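See below for coords37.cif, which holds mmCIF, C-alpha atoms.
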```cif
data_my_file
loop_
_atom_site.label_atom_id
_atom_site.label_comp_id
_atom_site.auth_asym_id
_atom_site.auth_seq_id
_atom_site.Cartn_x
_atom_site.Cartn_y
_atom_site.Cartn_z
CA MET A 291 -46.95 74.10 -264.52
CA THR A 292 -45.23 73.98 -267.87
CA SER A 293 -41.86 74.91 -269.16
CA VAL A 294 -42.16 75.79 -272.79
CA ASP A 295 -38.60 76.67 -273.56
CA GLY A 296 -35.10 76.15 -272.29
CA PRO A 297 -32.50 73.47 -272.88
CA VAL A 298 -33.63 69.89 -273.38
CA VAL A 299 -32.02 66.96 -271.61
CA VAL A 300 -31.78 63.61 -273.37
CA ALA A 301 -30.86 60.91 -270.87
CA ALA A 302 -30.76 57.15 -270.58
CA GLY A 303 -29.49 54.46 -268.26
CA TYR A 304 -28.02 51.36 -269.85
CA THR A 305 -25.52 48.54 -269.63
CA VAL A 306 -22.24 48.77 -271.55
CA LEU A 307 -20.08 45.89 -272.69
CA ASP A 308 -16.84 47.67 -271.82
CA PRO A 309 -16.84 50.74 -269.53
CA GLN A 310 -13.47 51.91 -270.88
CA ARG A 311 -14.78 51.86 -274.45
CA TRP A 312 -17.86 53.79 -273.33
CA ARG A 313 -15.76 56.44 -271.57
CA LYS A 314 -13.59 56.81 -274.65
CA ALA A 315 -16.67 57.31 -276.84
CA LEU A 316 -18.01 59.86 -274.37
CA ASP A 317 -14.81 61.87 -274.56
CA SER A 318 -14.36 61.72 -278.31
CA GLN A 319 -17.60 63.05 -279.75
CA ALA A 320 -17.27 66.75 -278.94
CA GLN A 321 -16.43 68.46 -282.23
CA ASP A 322 -19.50 68.27 -284.42
CA LEU A 323 -21.99 68.02 -281.58
CA ALA A 324 -21.67 71.73 -280.79
CA SER A 325 -22.82 72.59 -284.30
CA ARG A 326 -25.92 70.49 -283.70
CA GLY A 327 -27.03 72.42 -280.66
CA VAL A 328 -25.43 70.21 -278.03
CA LEU A 329 -24.56 72.44 -275.09
CA ASN A 330 -23.10 69.74 -272.92
CA ARG A 331 -22.66 66.00 -272.71
CA TRP A 332 -22.25 64.00 -269.56
CA GLY A 333 -21.91 60.51 -268.18
CA TYR A 334 -22.14 58.83 -264.80
CA GLN A 335 -20.97 55.35 -263.92
CA SER A 336 -22.89 53.37 -261.33
CA LEU A 337 -21.20 52.95 -257.97
CA ALA A 338 -22.78 49.53 -257.58
CA ASN A 339 -22.08 48.14 -261.04
CA GLN A 340 -19.43 49.68 -263.28
CA ASP A 341 -21.07 48.22 -266.39
CA TYR A 342 -24.17 50.27 -265.76
CA VAL A 343 -24.13 53.94 -266.76
CA CYS A 344 -26.39 56.92 -267.08
CA ALA A 345 -25.50 59.39 -269.80
CA GLY A 346 -26.90 62.01 -272.10
CA VAL A 347 -26.67 65.42 -273.63
CA VAL A 348 -28.18 68.83 -273.07
CA VAL A 349 -29.42 70.38 -276.30
CA ASP A 350 -30.61 73.87 -277.10
CA THR A 351 -34.04 72.96 -278.50
CA LEU A 352 -36.46 70.04 -278.64
CA ALA A 353 -36.18 69.89 -282.42
CA GLN A 354 -32.42 69.45 -282.11
CA ALA A 355 -32.89 66.75 -279.46
CA LEU A 356 -35.29 64.76 -281.63
CA ALA A 357 -33.06 65.25 -284.67
CA LEU A 358 -30.11 63.78 -282.77
CA LEU A 359 -32.20 60.72 -281.94
CA GLN A 360 -33.86 60.25 -285.29
CA ASP A 361 -31.06 60.88 -287.75
CA GLY A 362 -29.07 57.96 -286.44
CA GLU A 363 -26.44 59.98 -284.58
CA ALA A 364 -27.45 58.58 -281.19
CA ALA A 365 -27.70 55.03 -282.54
CA ARG A 366 -24.26 55.26 -284.11
CA TRP A 367 -22.76 56.64 -280.92
CA LEU A 368 -24.36 53.93 -278.78
CA ALA A 369 -23.04 51.26 -281.14
CA ASP A 370 -19.54 52.81 -281.00
CA ALA A 371 -19.78 52.90 -277.22
CA GLY A 372 -20.52 49.19 -277.07
CA VAL A 373 -24.20 49.31 -276.18
CA ASP A 374 -25.89 46.15 -277.38
CA GLU A 375 -29.45 46.75 -276.27
CA PHE A 376 -30.76 50.28 -276.61
CA PRO A 377 -32.54 51.75 -273.59
CA PRO A 378 -35.60 53.96 -273.53
CA PHE A 379 -34.61 57.62 -273.62
CA PHE A 380 -35.92 60.32 -271.34
CA VAL A 381 -36.33 63.64 -273.15
CA GLY A 382 -37.33 66.55 -270.97
CA ARG A 383 -36.72 70.03 -269.68
CA CYS A 384 -35.49 71.22 -266.31
CA VAL A 385 -38.33 72.79 -264.38
CA GLY A 386 -36.13 73.89 -261.50
CA SER A 387 -34.10 72.80 -258.56
CA VAL A 388 -34.46 72.89 -254.79
CA GLU A 389 -31.49 73.53 -252.56
CA VAL A 390 -31.44 71.33 -249.49
CA GLY A 391 -30.91 73.12 -246.20
CA GLU A 392 -32.63 74.61 -243.24
CA LEU A 393 -34.42 77.11 -245.47
CA PRO A 394 -34.52 75.49 -248.91
CA VAL A 395 -33.95 77.84 -251.81
CA VAL A 396 -36.01 77.15 -254.89
CA ASP A 397 -34.22 78.19 -258.06
CA ARG A 398 -37.00 79.52 -260.26
CA GLY A 399 -34.99 81.55 -262.72
CA THR A 400 -32.15 79.51 -264.03
CA ALA A 401 -31.11 75.98 -264.68
CA SER A 402 -27.70 74.87 -265.66
CA THR A 403 -27.09 73.59 -269.15
CA THR A 404 -25.10 70.92 -267.42
CA PHE A 405 -27.08 67.98 -266.16
CA ALA A 406 -27.83 68.26 -262.43
CA GLY A 407 -25.30 71.04 -262.10
CA ALA A 408 -22.48 68.70 -263.11
CA ALA A 409 -22.50 67.20 -259.62
CA LYS A 410 -19.76 64.66 -258.98
CA HIS A 411 -22.15 62.15 -257.43
CA ILE A 412 -25.82 61.84 -258.22
CA ALA A 413 -28.86 59.67 -257.66
CA VAL A 414 -31.31 59.62 -260.57
CA THR A 415 -34.76 58.19 -260.92
CA ILE A 416 -37.42 58.44 -263.61
CA HIS A 417 -40.92 58.27 -262.25
CA SER A 418 -44.51 59.35 -262.63
CA VAL A 419 -46.11 62.05 -260.53
CA SER A 420 -49.89 62.18 -260.49
CA ASP A 421 -50.12 65.55 -258.70
CA PHE A 422 -47.06 67.68 -259.42
CA GLY A 423 -48.03 70.52 -257.06
CA ARG A 424 -48.48 68.18 -254.13
CA TRP A 425 -45.28 66.32 -254.93
CA LEU A 426 -43.24 69.51 -255.27
CA GLY A 427 -44.64 70.65 -251.92
CA ALA A 428 -43.43 67.38 -250.39
CA ILE A 429 -39.99 67.86 -251.98
CA ARG A 430 -39.74 71.38 -250.58
CA ALA A 431 -40.81 70.23 -247.12
CA ALA A 432 -38.33 67.37 -247.22
CA ALA A 433 -35.57 69.72 -248.33
CA ALA A 434 -36.11 71.75 -245.17
CA THR A 435 -35.49 68.77 -242.89
CA ALA A 436 -32.16 67.61 -241.59
CA THR A 437 -32.77 64.11 -242.97
CA LEU A 438 -31.84 64.94 -246.56
CA ALA A 439 -28.98 67.25 -245.60
CA ASP A 440 -27.57 64.60 -243.27
CA ALA A 441 -27.88 62.06 -246.06
CA GLY A 442 -25.62 64.25 -248.17
CA VAL A 443 -28.24 65.61 -250.57
CA ARG A 444 -27.26 69.12 -251.62
CA ARG A 445 -29.76 69.97 -254.34
CA ILE A 446 -32.69 68.28 -256.04
CA TRP A 447 -33.07 68.81 -259.78
CA ILE A 448 -36.43 68.18 -261.44
CA TYR A 449 -36.93 67.52 -265.17
CA ARG A 450 -40.28 67.01 -266.90
CA ALA A 451 -40.64 64.76 -269.94
CA VAL A 452 -41.69 66.44 -273.18
CA ASP A 453 -43.81 63.47 -274.26
CA ASP A 454 -45.63 62.88 -270.97
CA PRO A 455 -46.39 65.70 -268.50
CA THR A 456 -46.73 63.21 -265.63
CA GLU A 457 -43.26 61.75 -266.13
CA PHE A 458 -40.24 63.23 -264.35
CA LEU A 459 -36.55 62.67 -263.99
CA THR A 460 -35.37 63.64 -260.55
CA ALA A 461 -31.65 63.99 -259.87
CA LEU A 462 -30.11 64.47 -256.45
CA GLU A 463 -26.73 66.16 -256.09
CA LEU A 464 -24.84 64.19 -253.49
CA GLY A 465 -21.94 65.09 -251.23
CA SER A 466 -19.65 62.08 -251.52
CA ALA A 467 -19.36 58.54 -252.82
CA GLU A 468 -19.85 57.18 -249.32
CA LEU A 469 -23.08 59.13 -248.83
CA ALA A 470 -24.20 58.27 -252.35
CA ARG A 471 -23.94 54.55 -251.65
CA ALA A 472 -26.25 54.96 -248.66
CA ILE A 473 -28.84 57.04 -250.51
CA PRO A 474 -31.18 54.22 -251.62
CA ARG A 475 -31.66 53.36 -247.92
CA VAL A 476 -32.81 56.83 -246.80
CA PRO A 477 -36.47 56.28 -245.81
CA MET A 478 -37.69 59.75 -246.78
CA LEU A 479 -36.38 59.35 -250.31
CA GLU A 480 -38.25 56.11 -250.65
CA ALA A 481 -41.44 57.91 -249.75
CA LEU A 482 -40.75 60.84 -252.08
CA LEU A 483 -39.31 59.05 -255.06
CA ILE A 484 -39.41 55.30 -255.05
CA ASP A 485 -43.05 55.03 -253.99
CA GLU A 486 -43.97 57.25 -256.89
CA ILE A 487 -42.26 55.11 -259.50
CA ARG A 488 -44.64 53.78 -262.07
CA VAL A 489 -42.50 54.04 -265.19
CA ALA A 490 -41.60 50.56 -266.29
CA TYR A 491 -38.45 49.48 -268.11
CA HIS A 492 -36.19 51.73 -266.13
CA PRO A 493 -34.25 50.69 -263.04
CA GLY A 494 -35.42 52.16 -259.76
CA VAL A 495 -32.65 54.48 -258.64
CA PHE A 496 -29.32 55.03 -260.37
CA VAL A 497 -26.49 56.16 -258.09
CA GLY A 498 -23.28 57.07 -259.83
CA ARG A 499 -20.10 59.08 -260.14
CA ARG A 500 -19.42 61.54 -262.96
CA THR A 501 -16.87 60.61 -265.59
CA ARG A 502 -14.53 63.11 -267.25
CA ALA A 503 -17.03 64.56 -269.72
CA GLY A 504 -19.23 67.44 -268.66
CA GLY A 505 -18.62 70.31 -266.32
CA GLU A 506 -19.64 73.32 -268.36
CA ALA A 507 -21.19 76.03 -266.22
CA ALA A 508 -23.30 78.06 -268.65
CA LYS A 509 -26.77 79.07 -267.46
CA ARG A 510 -30.05 79.14 -269.34
CA HIS A 511 -33.54 80.18 -268.47
CA CYS A 512 -36.18 77.78 -267.24
CA GLN A 513 -38.99 78.16 -264.77
CA LEU A 514 -40.46 76.50 -261.72
CA ASP A 515 -44.00 77.51 -260.78
CA MET B 138 -39.63 57.82 -272.65
CA TYR B 139 -38.64 57.16 -276.25
CA VAL B 140 -38.39 53.45 -276.97
CA CYS B 141 -37.48 53.64 -280.65
CA ILE B 142 -35.08 56.51 -281.19
CA CYS B 143 -34.99 56.03 -284.96
CA PHE B 144 -38.68 56.97 -285.29
CA ALA B 145 -39.18 58.79 -281.97
CA VAL B 146 -41.76 56.29 -280.80
CA THR B 147 -42.59 56.59 -277.10
CA THR B 148 -43.39 53.92 -274.51
CA ALA B 149 -46.95 55.24 -274.51
CA ASP B 150 -47.23 54.79 -278.30
CA VAL B 151 -45.98 51.21 -278.09
CA GLN B 152 -48.17 50.39 -275.11
CA VAL B 153 -51.27 51.54 -276.99
CA VAL B 154 -50.42 49.19 -279.85
CA ILE B 155 -49.84 46.31 -277.43
CA ASP B 156 -53.06 47.06 -275.57
CA ARG B 157 -54.88 46.87 -278.89
CA GLY B 158 -53.67 43.36 -279.51
CA ALA B 159 -50.14 43.34 -280.91
CA ARG B 160 -48.37 40.31 -279.48
CA THR B 161 -45.15 40.22 -281.50
CA THR B 162 -42.46 42.78 -282.26
CA LYS B 163 -43.38 42.53 -285.93
CA GLN B 164 -46.97 43.43 -285.14
CA VAL B 165 -45.81 46.40 -283.08
CA ALA B 166 -43.54 47.47 -285.93
CA ALA B 167 -46.34 47.25 -288.45
CA ARG B 168 -48.50 49.55 -286.36
CA CYS B 169 -46.10 52.24 -285.14
CA ALA B 170 -42.78 51.63 -286.98
CA ALA B 171 -40.90 50.99 -283.72
CA GLY B 172 -38.04 48.58 -284.32
CA THR B 173 -38.06 48.78 -288.10
CA SER B 174 -34.78 50.65 -288.60
CA CYS B 175 -31.79 49.60 -286.49
CA GLY B 176 -33.84 47.07 -284.51
CA LYS B 177 -31.91 47.67 -281.28
CA CYS B 178 -35.09 48.39 -279.34
CA CYS B 179 -36.80 45.09 -280.23
CA ARG B 180 -35.77 43.35 -277.02
CA LEU B 181 -37.26 46.16 -274.98
CA ILE B 182 -40.47 45.99 -277.01
CA ARG B 183 -40.53 42.22 -276.48
CA ARG B 184 -40.32 42.79 -272.71
CA MET B 185 -43.16 45.29 -272.90
CA ILE B 186 -45.29 42.72 -274.72
CA ASP B 187 -44.41 39.99 -272.23
CA ASP B 188 -45.21 42.27 -269.30
CA SER B 189 -48.61 43.23 -270.71
CA PRO B 190 -51.69 41.10 -270.17
CA GLU B 191 -53.50 39.77 -273.22
CA PRO B 192 -56.08 42.41 -274.18
CA ALA B 193 -59.73 41.55 -273.81
CA PRO B 194 -61.34 40.25 -277.04
CA ALA B 195 -63.66 43.27 -277.18
CA ILE B 196 -60.68 45.62 -277.34
CA ILE B 197 -59.11 43.66 -280.16
CA ALA B 198 -62.42 43.53 -282.04
CA GLN B 199 -62.71 47.32 -282.01
CA ASP B 200 -59.44 47.60 -283.85
CA ARG B 201 -58.53 46.40 -287.29
CA PRO B 202 -56.46 43.23 -287.51
CA VAL B 203 -52.75 43.66 -286.94
CA GLU B 204 -50.60 42.78 -289.91
CA GLU B 205 -47.11 41.38 -289.78
CA GLY B 206 -44.43 43.99 -290.48
CA ARG B 207 -40.92 44.00 -291.75
CA GLY B 208 -39.34 43.84 -288.29
#
```

Write the structure described by the file as structure tokens, please.
Amino acid sequence: MTSVDGPVVVAAGYTVLDPQRWRKALDSQAQDLASRGVLNRWGYQSLANQDYVCAGVVVDTLAQALALLQDGEAARWLADAGVDEFPPFFVGRCVGSVEVGELPVVDRGTASTTFAGAAKHIAVTIHSVSDFGRWLGAIRAAAATATLADAGVRRIWIYRAVDDPTEFLTALELGSAELARAIPRVPMLEALLIDEIRVAYHPGVFVGRRTRAGGEAAKRHCQLD
Amino acid sequence: MYVCICFAVTTADVQVVIDRGARTTKQVAARCAAGTSCGKCCRLIRRMIDDSPEPAPAIIAQDRPVEEGRG
């Protein structure tokens, strides 16, 4: 399974010195980013700790994503946003999403240029998967059960890292803040996600609420085999 | 995951350098450039070093000596 084209997500979770300053920086960068291939930018603030955030951009191509990182643009923005210690960045492409319900629908043809469909509440984890086919099968089976639907999971988005084919970012669209807070305690998710985590230097599961930025609904091609 | 965004150095790249004997951020920098521009990733690299066991002498011997970098 590979996705060779489609928008690239650049994402990171990190601590900010001042959440208000970070939100202001997130809202103020729009103008010249579009000319650099940025299709969307987004930010989520942790429900458990308002100083901890997960944010990023969706870019048209991998070259544009790496250029944003390497030419100092990302470093300047992080400094403006009050980020003292830079986090590791996930860079990857959406390989598809699975709708949670009685008969889960696997979206093979499109993926939003928003991150995780611009869901208001999300849970995000970055983890390794040794056998992607087996893991995806487990995700699909889990999506068909009432457990995930009852836990408020609406859709599961899967992103694969460009630098490591065994590394994934999985984002869950969640129904409400109340359900989101309970997500880390859902046993099935532990089995599917947390047990798979082998990527160091990234917190286990981020659960957060979207800030003002983001929300674009354009669609781009990607594939899920 | 990209540890050093200035030079697009990944966690895997840095871990290889550490596994081959680098025990300081300067040594990591000298081998893969990570941390040599803005330096904001040095604390993360330090944690990676601290979390990694000392490599076996045979592994170090296979590699050329690590030189101190600019940091």

At most 7 Å is the cut-off: for each residue in chain A with any atom that close to an atom of chain B, write down the nearest atom pair and the distance in Å rounded to one decimal, counting only C-alpha atoms, chain first then increasing number, as CSV.
```
residue,atom,partner,partner_atom,distance
A:Leu359,CA,B:Ile142,CA,5.2
A:Gln360,CA,B:Cys143,CA,4.4
A:Asp361,CA,B:Cys143,CA,6.8
A:Gly362,CA,B:Cys143,CA,6.4
A:Glu375,CA,B:Lys177,CA,5.7
A:Phe376,CA,B:Cys178,CA,5.5
A:Pro377,CA,B:Val140,CA,7.0
A:Pro378,CA,B:Val140,CA,4.5
A:Phe379,CA,B:Tyr139,CA,4.8
A:Phe380,CA,B:Met138,CA,4.7
A:Val381,CA,B:Met138,CA,6.7
```

Using all atoms listed in the file, which of A:Val385, A:Gly391, A:His411, A:Arg445 sits nearest Phe496 of chain A? A:His411

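Nearest to Glu463 of chain A of all the residues A:Trp367, A:Trp312, A:Trp425, A:Phe405 is A:Phe405, counting all atoms listed in the file.
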
Which neighbours of Arg160 of chain B fall inside 9 Å, counting all atoms listed in the file, when residues of the same chain fewer than 6 positions from it are skipped, and could you give them as a PyMOL selection string? chain B and resi 183+186-187+191

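Here atom CA of Ala371 of chain A and atom CA of Asp350 of chain A stand 23.6 Å from one another.
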
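Between Cys384 of chain A and the residues A:Ala432, A:Ala324, A:Ala357, A:Val349, the shortest atom-to-atom distance, using only C-alpha atoms, involves A:Val349.
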
Residue IDs satisfying the PyMOL selection byres ((chain A and resi 469) around 12), as a ChimeraX atom specification: /A:337,411-413,438-444,462-468,470-476,497-499

With C-alpha atoms retained, write the just-selected residues as a tab-separated table (two decimals), in the coordinates of the input.
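After the write, again05.tsv holds the following:
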```tsv
chain	number	residue	atom	x	y	z
A	337	LEU	CA	-21.20	52.95	-257.97
A	411	HIS	CA	-22.15	62.15	-257.43
A	412	ILE	CA	-25.82	61.84	-258.22
A	413	ALA	CA	-28.86	59.67	-257.66
A	438	LEU	CA	-31.84	64.94	-246.56
A	439	ALA	CA	-28.98	67.25	-245.60
A	440	ASP	CA	-27.57	64.60	-243.27
A	441	ALA	CA	-27.88	62.06	-246.06
A	442	GLY	CA	-25.62	64.25	-248.17
A	443	VAL	CA	-28.24	65.61	-250.57
A	444	ARG	CA	-27.26	69.12	-251.62
A	462	LEU	CA	-30.11	64.47	-256.45
A	463	GLU	CA	-26.73	66.16	-256.09
A	464	LEU	CA	-24.84	64.19	-253.49
A	465	GLY	CA	-21.94	65.09	-251.23
A	466	SER	CA	-19.65	62.08	-251.52
A	467	ALA	CA	-19.36	58.54	-252.82
A	468	GLU	CA	-19.85	57.18	-249.32
A	470	ALA	CA	-24.20	58.27	-252.35
A	471	ARG	CA	-23.94	54.55	-251.65
A	472	ALA	CA	-26.25	54.96	-248.66
A	473	ILE	CA	-28.84	57.04	-250.51
A	474	PRO	CA	-31.18	54.22	-251.62
A	475	ARG	CA	-31.66	53.36	-247.92
A	476	VAL	CA	-32.81	56.83	-246.80
A	497	VAL	CA	-26.49	56.16	-258.09
A	498	GLY	CA	-23.28	57.07	-259.83
A	499	ARG	CA	-20.10	59.08	-260.14
```

How many Å separate atom CA of Pro477 of chain A from atom CA of Gly494 of chain A? 14.6 Å

Residue contacts of Leu307 of chain A (12 Å, only C-alpha atoms) excluding same-chain residues fewer than 5 positions away, as a PyMOL selection string: chain A and resi 312-313+340-343+368-375

One decimal, in Å: what's the spacing between atom CA of Thr351 of chain A and atom CA of Arg383 of chain A? 9.7 Å

Which of A:Gln354, A:Thr460, A:Ser325, A:Ser418 sits closest to Gly386 of chain A [using only C-alpha atoms]: A:Thr460

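Distances to Ala406 of chain A were evaluated for A:Tyr334, A:Thr437, A:Gly427, A:Ser420 using all atoms listed in the file, and the minimum falls at A:Tyr334.
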